[in-house]
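Novice: Here it is, the structure, as structure tokens.
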Amino acid sequence: MIIAPSFLTADFADLDSEINSIQFAKWLHFDVMDGRFVPKYTYNEEIVKRIKRISSQFFDIHLMIETPEKAIVGYASAGADLITFHLEATNNNTDNLIKLVKSLNVQCGISIKPKTSVENLVPYLAALDLVLIMSVEPGQGGQKYISESTNKIQFLAKYRRIHKLNYKIEVDGGINLETAKIVREAGADIIVVGSYIFGRKDRKAAIKELENA
Ligand code: DX5
Ligand code: ZN
């Protein structure tokens, strides 16, 4: 599996060394929060621009914001390789948002919160590069994996196989060695990990452990 560290729980006072400590991960996951879609505010595209200068990793932007239509162009020019917005924040404009992201030569993902049923994604799956299953309530790190998320991953893996589609399945929230194994067996391709990596001194070891989970 691909590990996408989310430095939501990182020490922002020492950003360069924090980024350095996870340089072994192929992806970097940016948890963008606007204080409206979720209670917390994290950062804007300026951080992405700044880190793009020192990292050649794959930039995976997760927009937990109410108005993704206003942010997509900014994150694309800041260096996003993939932009994921929330199905719950598209106010029935989902197809246009997918078109907008792809028109900027950026891969497109859609994320759903724990309470949103995975069947709601079906109309869009053929057009997507990625689906992001939130396995915790969006808004903060360090929460416990919600076990119902496993069925959603299995549904998406099965649907992809039957319909010969190739969207990636990413899981975000409460991932540790035990849940990494569960989601891999269910069909996940990428895991977003915050506290399990940033809580450790030896982050390279934590990433290696998760890659082999
Ligand atoms: C929730 C965040 C977290 C974060 C991962 O909105 O998206 O899920 O990325 O945090 P941990 O790995 O600490 O659950
Ligand atoms: Zn995320």
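Just remember, in the structure tokens the first chain shown is A, the second B, etc., residues are 1-based per chain, and ligands are 1-based in the order shown.
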Using only C-alpha atoms, which residues sit within 7 Å of Phe85 of chain A once same-chain residues fewer than 4 positions away are excluded, as a VMD selection string?

Specialist: chain A and resid 62 to 64 68 109 to 111

Novice: Save out the residues we just selected, N, CA, C and O atoms, as a compact mmCIF listing (two decimals), in the first residue's frame.

Specialist:
```txt
# COMPACT_ATOMS: atom_id res chain seq x y z
N HIS A 62 -6.69 17.14 0.30
CA HIS A 62 -8.02 16.72 0.78
C HIS A 62 -8.76 17.97 1.25
O HIS A 62 -8.43 18.51 2.31
N LEU A 63 -9.73 18.42 0.46
CA LEU A 63 -10.45 19.65 0.79
C LEU A 63 -11.65 19.34 1.67
O LEU A 63 -12.68 18.90 1.19
N MET A 64 -11.48 19.60 2.97
CA MET A 64 -12.62 19.48 3.88
C MET A 64 -13.16 20.91 4.06
O MET A 64 -12.99 21.55 5.10
N PRO A 68 -15.57 23.99 -2.33
CA PRO A 68 -14.40 23.53 -3.10
C PRO A 68 -14.26 24.23 -4.44
O PRO A 68 -13.15 24.46 -4.91
N GLY A 109 -10.46 13.29 -6.93
CA GLY A 109 -11.02 12.35 -5.96
C GLY A 109 -12.26 12.93 -5.31
O GLY A 109 -12.44 14.15 -5.29
N ILE A 110 -13.13 12.03 -4.83
CA ILE A 110 -14.26 12.47 -4.01
C ILE A 110 -14.19 11.72 -2.69
O ILE A 110 -13.87 10.53 -2.67
N SER A 111 -14.49 12.43 -1.61
CA SER A 111 -14.47 11.83 -0.28
C SER A 111 -15.88 11.82 0.31
O SER A 111 -16.70 12.70 0.00
```

Novice: Could you tell me, as number ranges by chain, which residues of segment 78-183 of chain A DSSP assigns to strand (DSSP E or B) when given the backbone?

Specialist: A: 82-86, 107-112, 130-134, 168-172

Novice: Using only C-alpha atoms and all ligand atoms, find each residue of chain A with at least one atom at most 6 Å away from an atom of ligand 1; report its shortest atom-to-atom pair and that distance in Å (one decimal), sort the rows by chain and rising residue number, and return the result as a Markdown table.

Specialist:
```
| residue | atom | partner | partner_atom_place_in_ligand_line | distance |
| --- | --- | --- | --- | --- |
| A:Ser6 | CA | ligand 1 | 9 (O) | 5.0 |
| A:Asp31 | CA | ligand 1 | 7 (O) | 5.5 |
| A:Pro138 | CA | ligand 1 | 6 (O) | 3.3 |
| A:Gly139 | CA | ligand 1 | 6 (O) | 3.8 |
| A:Gln140 | CA | ligand 1 | 1 (C) | 4.3 |
| A:Gly141 | CA | ligand 1 | 10 (O) | 3.6 |
| A:Gly142 | CA | ligand 1 | 13 (O) | 3.7 |
| A:Gln143 | CA | ligand 1 | 14 (O) | 5.1 |
| A:Asp172 | CA | ligand 1 | 8 (O) | 4.8 |
| A:Gly173 | CA | ligand 1 | 8 (O) | 3.4 |
| A:Gly174 | CA | ligand 1 | 14 (O) | 3.7 |
| A:Ile175 | CA | ligand 1 | 12 (O) | 5.3 |
| A:Val192 | CA | ligand 1 | 9 (O) | 5.8 |
| A:Val193 | CA | ligand 1 | 12 (O) | 3.9 |
| A:Gly194 | CA | ligand 1 | 12 (O) | 3.4 |
| A:Ser195 | CA | ligand 1 | 13 (O) | 3.7 |
| A:Tyr196 | CA | ligand 1 | 12 (O) | 6.0 |
```

Novice: I need the residues in segment 53-193 of chain A that are alpha helix (DSSP H) according to DSSP; give them as an MDAnalysis selection string.

Specialist: chainID A and resid 72:78 94:103 149:162 177:186

Novice: What is the distance between atom CA of Gln107 of chain A and atom CA of Tyr43 of chain A, in Å to one decimal?

Specialist: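 Those two atoms sit 20.9 Å apart.
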
Novice: Any idea what the distance is between atom CA of Ala78 of chain A and atom CA of Pro123 of chain A?

Specialist: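 Pair atom CA of Ala78 of chain A / atom CA of Pro123 of chain A returns 29.3 Å.
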
Novice: Please, what distance in Å, to one decimal, runs between atom CA of Asn20 of chain A and atom CA of Val48 of chain A?

Specialist: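 Separating atom CA of Asn20 of chain A from atom CA of Val48 of chain A is a distance of 14.9 Å.
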
Novice: Go through A:Pro114, A:Gly74, A:Pro5, A:Gly199 and flag the residue nearest ligand 2, using only C-alpha atoms and all ligand atoms for the distances.

Specialist: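 Checking each candidate against ligand 2, we get A:Pro5 as the closest.
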
Novice: Any idea what's packed within 12 Å of Ala71 of chain A, counting only C-alpha atoms, ignoring anything in its chain fewer than 3 positions away? Could you give it as a list in words?

Specialist: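 Close residues of Ala71 of chain A: Val32, Met33, Asp34, Asn44, Glu45, Glu46, Ile61, His62, Leu63, Met64, Ile65, Glu66, Thr67, Pro68, Gly74, Tyr75, Ala76, Ser77, Ala78, Ala80, Ile83, Thr84, Phe85, Leu97, Leu100 and Val101 of chain A.
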
Novice: What's around segment 148-155 of chain A at 7 Å? Count only C-alpha atoms, leave out sequence neighbours fewer than 5 positions away in its own chain, and write the answer as number ranges by chain.

Specialist: A: 118, 135, 183, 186-188

Novice: Just to be explicit: take each residue in the selection above, keep N, CA, C and O atoms, and write the result as a PDB file, in the first residue's frame.

Specialist:
```pdb
ATOM      1  N   VAL A 118     -22.045   4.835   0.714  1.00  0.00           N
ATOM      2  CA  VAL A 118     -21.083   4.726  -0.398  1.00  0.00           C
ATOM      3  C   VAL A 118     -21.808   4.651  -1.748  1.00  0.00           C
ATOM      4  O   VAL A 118     -21.280   5.103  -2.774  1.00  0.00           O
ATOM      5  N   SER A 135     -12.607   7.355   7.568  1.00  0.00           N
ATOM      6  CA  SER A 135     -12.895   6.305   8.560  1.00  0.00           C
ATOM      7  C   SER A 135     -12.927   6.886   9.972  1.00  0.00           C
ATOM      8  O   SER A 135     -12.883   6.155  10.957  1.00  0.00           O
ATOM      9  N   VAL A 183      -7.825  -2.640   6.310  1.00  0.00           N
ATOM     10  CA  VAL A 183      -8.239  -1.888   5.112  1.00  0.00           C
ATOM     11  C   VAL A 183      -7.529  -2.423   3.872  1.00  0.00           C
ATOM     12  O   VAL A 183      -8.107  -2.476   2.780  1.00  0.00           O
ATOM     13  N   ALA A 186      -9.360  -5.332   2.722  1.00  0.00           N
ATOM     14  CA  ALA A 186     -10.677  -4.962   2.176  1.00  0.00           C
ATOM     15  C   ALA A 186     -10.552  -4.361   0.776  1.00  0.00           C
ATOM     16  O   ALA A 186     -11.539  -4.256   0.039  1.00  0.00           O
ATOM     17  N   GLY A 187      -9.310  -3.959   0.406  1.00  0.00           N
ATOM     18  CA  GLY A 187      -9.115  -3.445  -0.957  1.00  0.00           C
ATOM     19  C   GLY A 187      -8.529  -2.048  -1.057  1.00  0.00           C
ATOM     20  O   GLY A 187      -8.464  -1.483  -2.153  1.00  0.00           O
ATOM     21  N   ALA A 188      -8.098  -1.483   0.045  1.00  0.00           N
ATOM     22  CA  ALA A 188      -7.540  -0.115   0.002  1.00  0.00           C
ATOM     23  C   ALA A 188      -6.177  -0.094  -0.695  1.00  0.00           C
ATOM     24  O   ALA A 188      -5.400  -1.055  -0.581  1.00  0.00           O
TER      25      ALA A 188
END
```

Novice: Could you name the residues that touch Leu210 of chain A at 10 Å or less, counting only C-alpha atoms, but leaving out those on the same chain fewer than 4 positions away, as a VMD selection string?

Specialist: chain A and resid 1 to 3 175 to 181 191 193 196 to 197 205 to 206

Novice: How would the residues just picked look written out with N, CA, C and O atoms as a PDB file, in the first residue's frame?

Specialist:
```pdb
ATOM      1  N   MET A   1       0.824  -1.207   0.000  1.00  0.00           N
ATOM      2  CA  MET A   1       0.000   0.000   0.000  1.00  0.00           C
ATOM      3  C   MET A   1       0.863   1.264   0.000  1.00  0.00           C
ATOM      4  O   MET A   1       1.987   1.246   0.478  1.00  0.00           O
ATOM      5  N   ILE A   2       0.284   2.322  -0.537  1.00  0.00           N
ATOM      6  CA  ILE A   2       0.964   3.619  -0.499  1.00  0.00           C
ATOM      7  C   ILE A   2       0.607   4.305   0.820  1.00  0.00           C
ATOM      8  O   ILE A   2      -0.570   4.327   1.209  1.00  0.00           O
ATOM      9  N   ILE A   3       1.627   4.867   1.484  1.00  0.00           N
ATOM     10  CA  ILE A   3       1.392   5.599   2.732  1.00  0.00           C
ATOM     11  C   ILE A   3       1.386   7.088   2.429  1.00  0.00           C
ATOM     12  O   ILE A   3       2.310   7.584   1.781  1.00  0.00           O
ATOM     13  N   ILE A 175      -5.760   5.154  11.349  1.00  0.00           N
ATOM     14  CA  ILE A 175      -4.949   4.056  10.786  1.00  0.00           C
ATOM     15  C   ILE A 175      -3.718   3.807  11.658  1.00  0.00           C
ATOM     16  O   ILE A 175      -2.947   4.724  11.974  1.00  0.00           O
ATOM     17  N   ASN A 176      -3.592   2.524  12.049  1.00  0.00           N
ATOM     18  CA  ASN A 176      -2.382   2.048  12.751  1.00  0.00           C
ATOM     19  C   ASN A 176      -2.058   0.680  12.142  1.00  0.00           C
ATOM     20  O   ASN A 176      -2.664   0.318  11.103  1.00  0.00           O
ATOM     21  N   LEU A 177      -1.142  -0.068  12.727  1.00  0.00           N
ATOM     22  CA  LEU A 177      -0.738  -1.340  12.104  1.00  0.00           C
ATOM     23  C   LEU A 177      -1.937  -2.275  11.927  1.00  0.00           C
ATOM     24  O   LEU A 177      -2.126  -2.896  10.879  1.00  0.00           O
ATOM     25  N   GLU A 178      -2.792  -2.320  12.946  1.00  0.00           N
ATOM     26  CA  GLU A 178      -3.925  -3.259  12.928  1.00  0.00           C
ATOM     27  C   GLU A 178      -4.969  -2.840  11.877  1.00  0.00           C
ATOM     28  O   GLU A 178      -5.364  -3.638  11.020  1.00  0.00           O
ATOM     29  N   THR A 179      -5.335  -1.564  11.873  1.00  0.00           N
ATOM     30  CA  THR A 179      -6.375  -1.134  10.916  1.00  0.00           C
ATOM     31  C   THR A 179      -5.802  -1.054   9.500  1.00  0.00           C
ATOM     32  O   THR A 179      -6.532  -1.252   8.528  1.00  0.00           O
ATOM     33  N   ALA A 180      -4.493  -0.849   9.387  1.00  0.00           N
ATOM     34  CA  ALA A 180      -3.872  -0.827   8.042  1.00  0.00           C
ATOM     35  C   ALA A 180      -4.067  -2.197   7.379  1.00  0.00           C
ATOM     36  O   ALA A 180      -4.421  -2.299   6.201  1.00  0.00           O
ATOM     37  N   LYS A 181      -3.894  -3.243   8.160  1.00  0.00           N
ATOM     38  CA  LYS A 181      -4.062  -4.620   7.647  1.00  0.00           C
ATOM     39  C   LYS A 181      -5.520  -4.844   7.216  1.00  0.00           C
ATOM     40  O   LYS A 181      -5.800  -5.343   6.135  1.00  0.00           O
ATOM     41  N   ILE A 191      -3.275   4.629   2.296  1.00  0.00           N
ATOM     42  CA  ILE A 191      -3.764   4.978   3.640  1.00  0.00           C
ATOM     43  C   ILE A 191      -3.172   6.323   4.071  1.00  0.00           C
ATOM     44  O   ILE A 191      -1.972   6.567   3.861  1.00  0.00           O
ATOM     45  N   VAL A 193      -2.166   8.604   7.062  1.00  0.00           N
ATOM     46  CA  VAL A 193      -1.781   8.328   8.462  1.00  0.00           C
ATOM     47  C   VAL A 193      -1.213   9.598   9.107  1.00  0.00           C
ATOM     48  O   VAL A 193      -0.300  10.216   8.563  1.00  0.00           O
ATOM     49  N   TYR A 196      -0.122   7.955  13.951  1.00  0.00           N
ATOM     50  CA  TYR A 196       0.726   6.757  14.066  1.00  0.00           C
ATOM     51  C   TYR A 196       2.152   7.069  13.599  1.00  0.00           C
ATOM     52  O   TYR A 196       3.130   6.554  14.122  1.00  0.00           O
ATOM     53  N   ILE A 197       2.285   7.965  12.623  1.00  0.00           N
ATOM     54  CA  ILE A 197       3.617   8.342  12.135  1.00  0.00           C
ATOM     55  C   ILE A 197       4.201   9.481  12.979  1.00  0.00           C
ATOM     56  O   ILE A 197       5.317   9.390  13.486  1.00  0.00           O
ATOM     57  N   ALA A 205      10.764   4.195  10.210  1.00  0.00           N
ATOM     58  CA  ALA A 205      10.380   2.838  10.654  1.00  0.00           C
ATOM     59  C   ALA A 205       8.852   2.710  10.638  1.00  0.00           C
ATOM     60  O   ALA A 205       8.309   1.717  10.161  1.00  0.00           O
ATOM     61  N   ALA A 206       8.168   3.755  11.111  1.00  0.00           N
ATOM     62  CA  ALA A 206       6.687   3.709  11.160  1.00  0.00           C
ATOM     63  C   ALA A 206       6.127   3.544   9.745  1.00  0.00           C
ATOM     64  O   ALA A 206       5.236   2.725   9.502  1.00  0.00           O
TER      65      ALA A 206
END
```

Novice: Calculated over only C-alpha atoms and all ligand atoms, which of the candidates A:Lys113, A:Arg203, A:His163, A:Arg50 has the smallest distance to ligand 2?

Specialist: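 Using only C-alpha atoms and all ligand atoms, ligand 2 sits closest to A:Lys113.
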
Novice: I need the residue nearest ligand 2 from this list: A:Ile98, A:Ile54, A:Ala157, A:Leu132. Use only C-alpha atoms and all ligand atoms for the distance.

Specialist: A:Leu132
